[in-house]
Amino acid sequence: MTQGEVREFVWNALSQHRAAAYPTPPHGHHPNFVGASRAAERLMLTEVYLKAKTILAGPDQVLKPLREAAMKSGKRLILPHPDKTGQYVSLEGLHPTQLKRVRDVARLGRPVTLAETAIDLVLVGAVAVDEKLGWVGKGYGFPYKGLRVTAPWVSFAHTLMVFEELPCEAERRMDLIATPHQIMRV
């Protein structure tokens with residue numbers, strides 16, 4: 001299978017099993033899924049999350065519970081600028097209620113240079129993962145191909161998104177993947 005075929009397979013499975021959550025259909029996204037909040041809760045109990053002071057996070061809906069928890073707990077949250085590829089904004093000092101939409105980060109966030117910012121954790125959505133921590137994203141957008149951040153990379157996945165081994169080449173490797181039922185790590 002190609003990466004594109006794996007994406008279609010997972011998106012269709014989430015739809016058919018009614019495991020996709022808003023926004024639906026899941027096609028074209030790092031899908032939000034039933035149980036994502038439970039996966040976020042599991043991740044928030046890990047040492048890598050608890051120690052992180054600065055988190056670079058994707059804008060996907062599935063990551064919203066963790067982004068909001070990070071902001072409420074005083075962690076510095078950095079997101080990609082929604083309109084300017086390769087540019088980032090810090091949401092430091094903001095409360096999650098100030099952000100009605102992800103696009104609000106462009107107006108309310110403060111520009112930051114990623115190369116000059118110490119990142120402790122990178123949080124990204126996923127389309128497919130495997131038990132060896134291989135990861136396939138939606139095929140465009142954040143995280144940008146070639147993005148190099150030396151912090152641990154983590155993601156969430158529904159059980160339907162987890163393969164024993166990906167049937168295609170992984171786009172990258174994660175350091176930790178949270179599902180509603182378990183934490184997979186190196």
# chains A, B, ... in the order shown; residues from 1 in each chain; ligands from 1
$ select_by_dssp --residues "segment 20-169 of chain A" --states "helix (DSSP H, G or I)" --output "PyMOL selection string"
chain A and resi 36-44+47-51+61-72+96-98+104-108+114-116+159-161
$ residues_around --residues "Val34 of chain A" --least-positions-apart "3" --cutoff "7 Å" --atoms "only C-alpha atoms" --output "list of chain:residue names"
A:Ala19, A:Ala20, A:Ala21
$ write_last_selection --atoms "N, CA and C atoms" --output "compact mmCIF listing (two decimals), in the first residue's frame"
# COMPACT_ATOMS: atom_id res chain seq x y z
N ALA A 19 -16.34 6.03 14.47
CA ALA A 19 -15.32 6.36 15.46
C ALA A 19 -14.75 7.76 15.25
N ALA A 20 -15.13 8.41 14.16
CA ALA A 20 -14.65 9.77 13.89
C ALA A 20 -15.51 10.77 14.67
N ALA A 21 -14.85 11.81 15.17
CA ALA A 21 -15.55 12.89 15.86
C ALA A 21 -15.37 14.17 15.05
$ residues_around --residues "segment 149-162 of chain A" --least-positions-apart "3" --cutoff "9 Å" --atoms "only C-alpha atoms" --output "ChimeraX atom specification"
/A:10-11,13-14,17,19,31-36,39-40,43,48,62-63,114-115,118-131,135,165-166,173-181
$ atom_distance --atom1 "atom CA of Phe142 of chain A" --atom2 "atom CA of Gly58 of chain A"
6.2 Å
$ select_by_dssp --residues "segment 13-163 of chain A" --states "strand (DSSP E)" --output "number ranges by chain"
A: 54-57, 76-80, 88-90, 110-112, 121-124, 128-130, 134-136, 153-156, 162-163
$ residues_around --residues "Gly93 of chain A" --least-positions-apart "2" --cutoff "10 Å" --atoms "only C-alpha atoms" --output "list in words"
Met71, Lys72, Gly74, Lys75, Arg76, Leu77, Ser90, Leu91, His95, Pro96 and Gly109 of chain A
$ write_last_selection --atoms "all heavy atoms" --output "PDB file, in the first residue's frame"
ATOM      1  N   MET A  71      -2.251  25.175  28.136  1.00  0.00           N
ATOM      2  CA  MET A  71      -2.401  26.606  28.385  1.00  0.00           C
ATOM      3  C   MET A  71      -2.867  26.871  29.812  1.00  0.00           C
ATOM      4  O   MET A  71      -2.345  27.753  30.486  1.00  0.00           O
ATOM      5  CB  MET A  71      -3.372  27.223  27.373  1.00  0.00           C
ATOM      6  CG  MET A  71      -2.828  27.253  25.959  1.00  0.00           C
ATOM      7  SD  MET A  71      -4.063  27.785  24.753  1.00  0.00           S
ATOM      8  CE  MET A  71      -4.093  29.540  25.081  1.00  0.00           C
ATOM      9  N   LYS A  72      -3.837  26.087  30.287  1.00  0.00           N
ATOM     10  CA  LYS A  72      -4.372  26.274  31.635  1.00  0.00           C
ATOM     11  C   LYS A  72      -3.318  26.000  32.707  1.00  0.00           C
ATOM     12  O   LYS A  72      -3.345  26.599  33.775  1.00  0.00           O
ATOM     13  CB  LYS A  72      -5.578  25.371  31.864  1.00  0.00           C
ATOM     14  CG  LYS A  72      -6.819  25.828  31.139  1.00  0.00           C
ATOM     15  CD  LYS A  72      -7.963  24.848  31.359  1.00  0.00           C
ATOM     16  CE  LYS A  72      -9.192  25.238  30.561  1.00  0.00           C
ATOM     17  NZ  LYS A  72     -10.254  24.220  30.675  1.00  0.00           N
ATOM     18  N   GLY A  74      -0.155  26.602  32.451  1.00  0.00           N
ATOM     19  CA  GLY A  74       0.963  27.538  32.378  1.00  0.00           C
ATOM     20  C   GLY A  74       2.092  27.118  31.468  1.00  0.00           C
ATOM     21  O   GLY A  74       3.138  27.772  31.429  1.00  0.00           O
ATOM     22  N   LYS A  75       1.909  26.053  30.693  1.00  0.00           N
ATOM     23  CA  LYS A  75       2.946  25.669  29.733  1.00  0.00           C
ATOM     24  C   LYS A  75       2.924  26.653  28.570  1.00  0.00           C
ATOM     25  O   LYS A  75       1.886  27.216  28.244  1.00  0.00           O
ATOM     26  CB  LYS A  75       2.715  24.247  29.227  1.00  0.00           C
ATOM     27  CG  LYS A  75       2.872  23.197  30.333  1.00  0.00           C
ATOM     28  CD  LYS A  75       2.684  21.816  29.780  1.00  0.00           C
ATOM     29  CE  LYS A  75       2.740  20.755  30.856  1.00  0.00           C
ATOM     30  NZ  LYS A  75       4.050  20.573  31.467  1.00  0.00           N
ATOM     31  N   ARG A  76       4.076  26.878  27.979  1.00  0.00           N
ATOM     32  CA  ARG A  76       4.162  27.753  26.812  1.00  0.00           C
ATOM     33  C   ARG A  76       3.769  26.932  25.587  1.00  0.00           C
ATOM     34  O   ARG A  76       4.365  25.891  25.318  1.00  0.00           O
ATOM     35  CB  ARG A  76       5.587  28.272  26.660  1.00  0.00           C
ATOM     36  CG  ARG A  76       5.744  29.253  25.524  1.00  0.00           C
ATOM     37  CD  ARG A  76       7.160  29.790  25.484  1.00  0.00           C
ATOM     38  NE  ARG A  76       7.278  30.805  24.473  1.00  0.00           N
ATOM     39  CZ  ARG A  76       8.420  31.122  23.879  1.00  0.00           C
ATOM     40  NH1 ARG A  76       9.542  30.514  24.241  1.00  0.00           N
ATOM     41  NH2 ARG A  76       8.460  32.047  22.958  1.00  0.00           N
ATOM     42  N   LEU A  77       2.779  27.387  24.862  1.00  0.00           N
ATOM     43  CA  LEU A  77       2.265  26.672  23.702  1.00  0.00           C
ATOM     44  C   LEU A  77       2.615  27.443  22.438  1.00  0.00           C
ATOM     45  O   LEU A  77       2.349  28.643  22.342  1.00  0.00           O
ATOM     46  CB  LEU A  77       0.746  26.507  23.819  1.00  0.00           C
ATOM     47  CG  LEU A  77       0.081  25.623  22.785  1.00  0.00           C
ATOM     48  CD1 LEU A  77       0.563  24.180  22.905  1.00  0.00           C
ATOM     49  CD2 LEU A  77      -1.437  25.669  22.959  1.00  0.00           C
ATOM     50  N   SER A  90       3.475  32.121  19.550  1.00  0.00           N
ATOM     51  CA  SER A  90       3.390  31.691  20.941  1.00  0.00           C
ATOM     52  C   SER A  90       2.065  32.157  21.517  1.00  0.00           C
ATOM     53  O   SER A  90       1.651  33.294  21.295  1.00  0.00           O
ATOM     54  CB  SER A  90       4.548  32.294  21.748  1.00  0.00           C
ATOM     55  OG  SER A  90       4.347  32.053  23.123  1.00  0.00           O
ATOM     56  N   LEU A  91       1.417  31.274  22.254  1.00  0.00           N
ATOM     57  CA  LEU A  91       0.159  31.612  22.913  1.00  0.00           C
ATOM     58  C   LEU A  91       0.375  31.829  24.405  1.00  0.00           C
ATOM     59  O   LEU A  91      -0.578  31.799  25.191  1.00  0.00           O
ATOM     60  CB  LEU A  91      -0.871  30.505  22.676  1.00  0.00           C
ATOM     61  CG  LEU A  91      -1.148  30.186  21.210  1.00  0.00           C
ATOM     62  CD1 LEU A  91      -2.202  29.102  21.090  1.00  0.00           C
ATOM     63  CD2 LEU A  91      -1.560  31.427  20.444  1.00  0.00           C
ATOM     64  N   HIS A  95      -5.517  32.567  27.671  1.00  0.00           N
ATOM     65  CA  HIS A  95      -6.371  31.522  28.221  1.00  0.00           C
ATOM     66  C   HIS A  95      -7.108  30.872  27.051  1.00  0.00           C
ATOM     67  O   HIS A  95      -7.465  31.557  26.087  1.00  0.00           O
ATOM     68  CB  HIS A  95      -7.375  32.124  29.224  1.00  0.00           C
ATOM     69  CG  HIS A  95      -8.081  31.078  30.003  1.00  0.00           C
ATOM     70  ND1 HIS A  95      -9.250  30.505  29.583  1.00  0.00           N
ATOM     71  CD2 HIS A  95      -7.765  30.481  31.179  1.00  0.00           C
ATOM     72  CE1 HIS A  95      -9.637  29.594  30.463  1.00  0.00           C
ATOM     73  NE2 HIS A  95      -8.751  29.564  31.443  1.00  0.00           N
ATOM     74  N   PRO A  96      -7.361  29.564  27.103  1.00  0.00           N
ATOM     75  CA  PRO A  96      -8.020  28.885  25.978  1.00  0.00           C
ATOM     76  C   PRO A  96      -9.351  29.503  25.560  1.00  0.00           C
ATOM     77  O   PRO A  96      -9.722  29.430  24.387  1.00  0.00           O
ATOM     78  CB  PRO A  96      -8.228  27.459  26.488  1.00  0.00           C
ATOM     79  CG  PRO A  96      -7.362  27.292  27.656  1.00  0.00           C
ATOM     80  CD  PRO A  96      -7.022  28.645  28.181  1.00  0.00           C
ATOM     81  N   GLY A 109      -1.721  35.500  18.950  1.00  0.00           N
ATOM     82  CA  GLY A 109      -0.402  34.966  19.284  1.00  0.00           C
ATOM     83  C   GLY A 109       0.720  35.945  18.983  1.00  0.00           C
ATOM     84  O   GLY A 109       0.550  36.891  18.229  1.00  0.00           O
TER      85      GLY A 109
END
$ closest_residue --among "A:Gly134, A:Pro26, A:Gly146, A:Gly4" --to "Gln61 of chain A" --atoms "only C-alpha atoms"
A:Pro26
$ residues_around --residues "Met1 of chain A" --least-positions-apart "3" --cutoff "9 Å" --atoms "only C-alpha atoms" --output "PyMOL selection string"
chain A and resi 4-6+167-168
$ atom_distance --atom1 "atom CA of Arg107 of chain A" --atom2 "atom CA of Gly86 of chain A"
16.7 Å
$ closest_residue --among "A:Leu133, A:Leu50, A:Val186, A:Val102" --to "Ala69 of chain A" --atoms "only C-alpha atoms"
A:Leu50
$ atom_distance --atom1 "atom CA of Gly141 of chain A" --atom2 "atom CA of Glu116 of chain A"
21.7 Å
$ residues_around --residues "Gly28 of chain A" --least-positions-apart "5" --cutoff "10 Å" --atoms "only C-alpha atoms" --output "ChimeraX atom specification"
/A:7-8,11,127,137-140
$ closest_residue --among "A:His27, A:Arg101, A:His81, A:Lys64" --to "Pro143 of chain A" --atoms "only C-alpha atoms"
A:His81
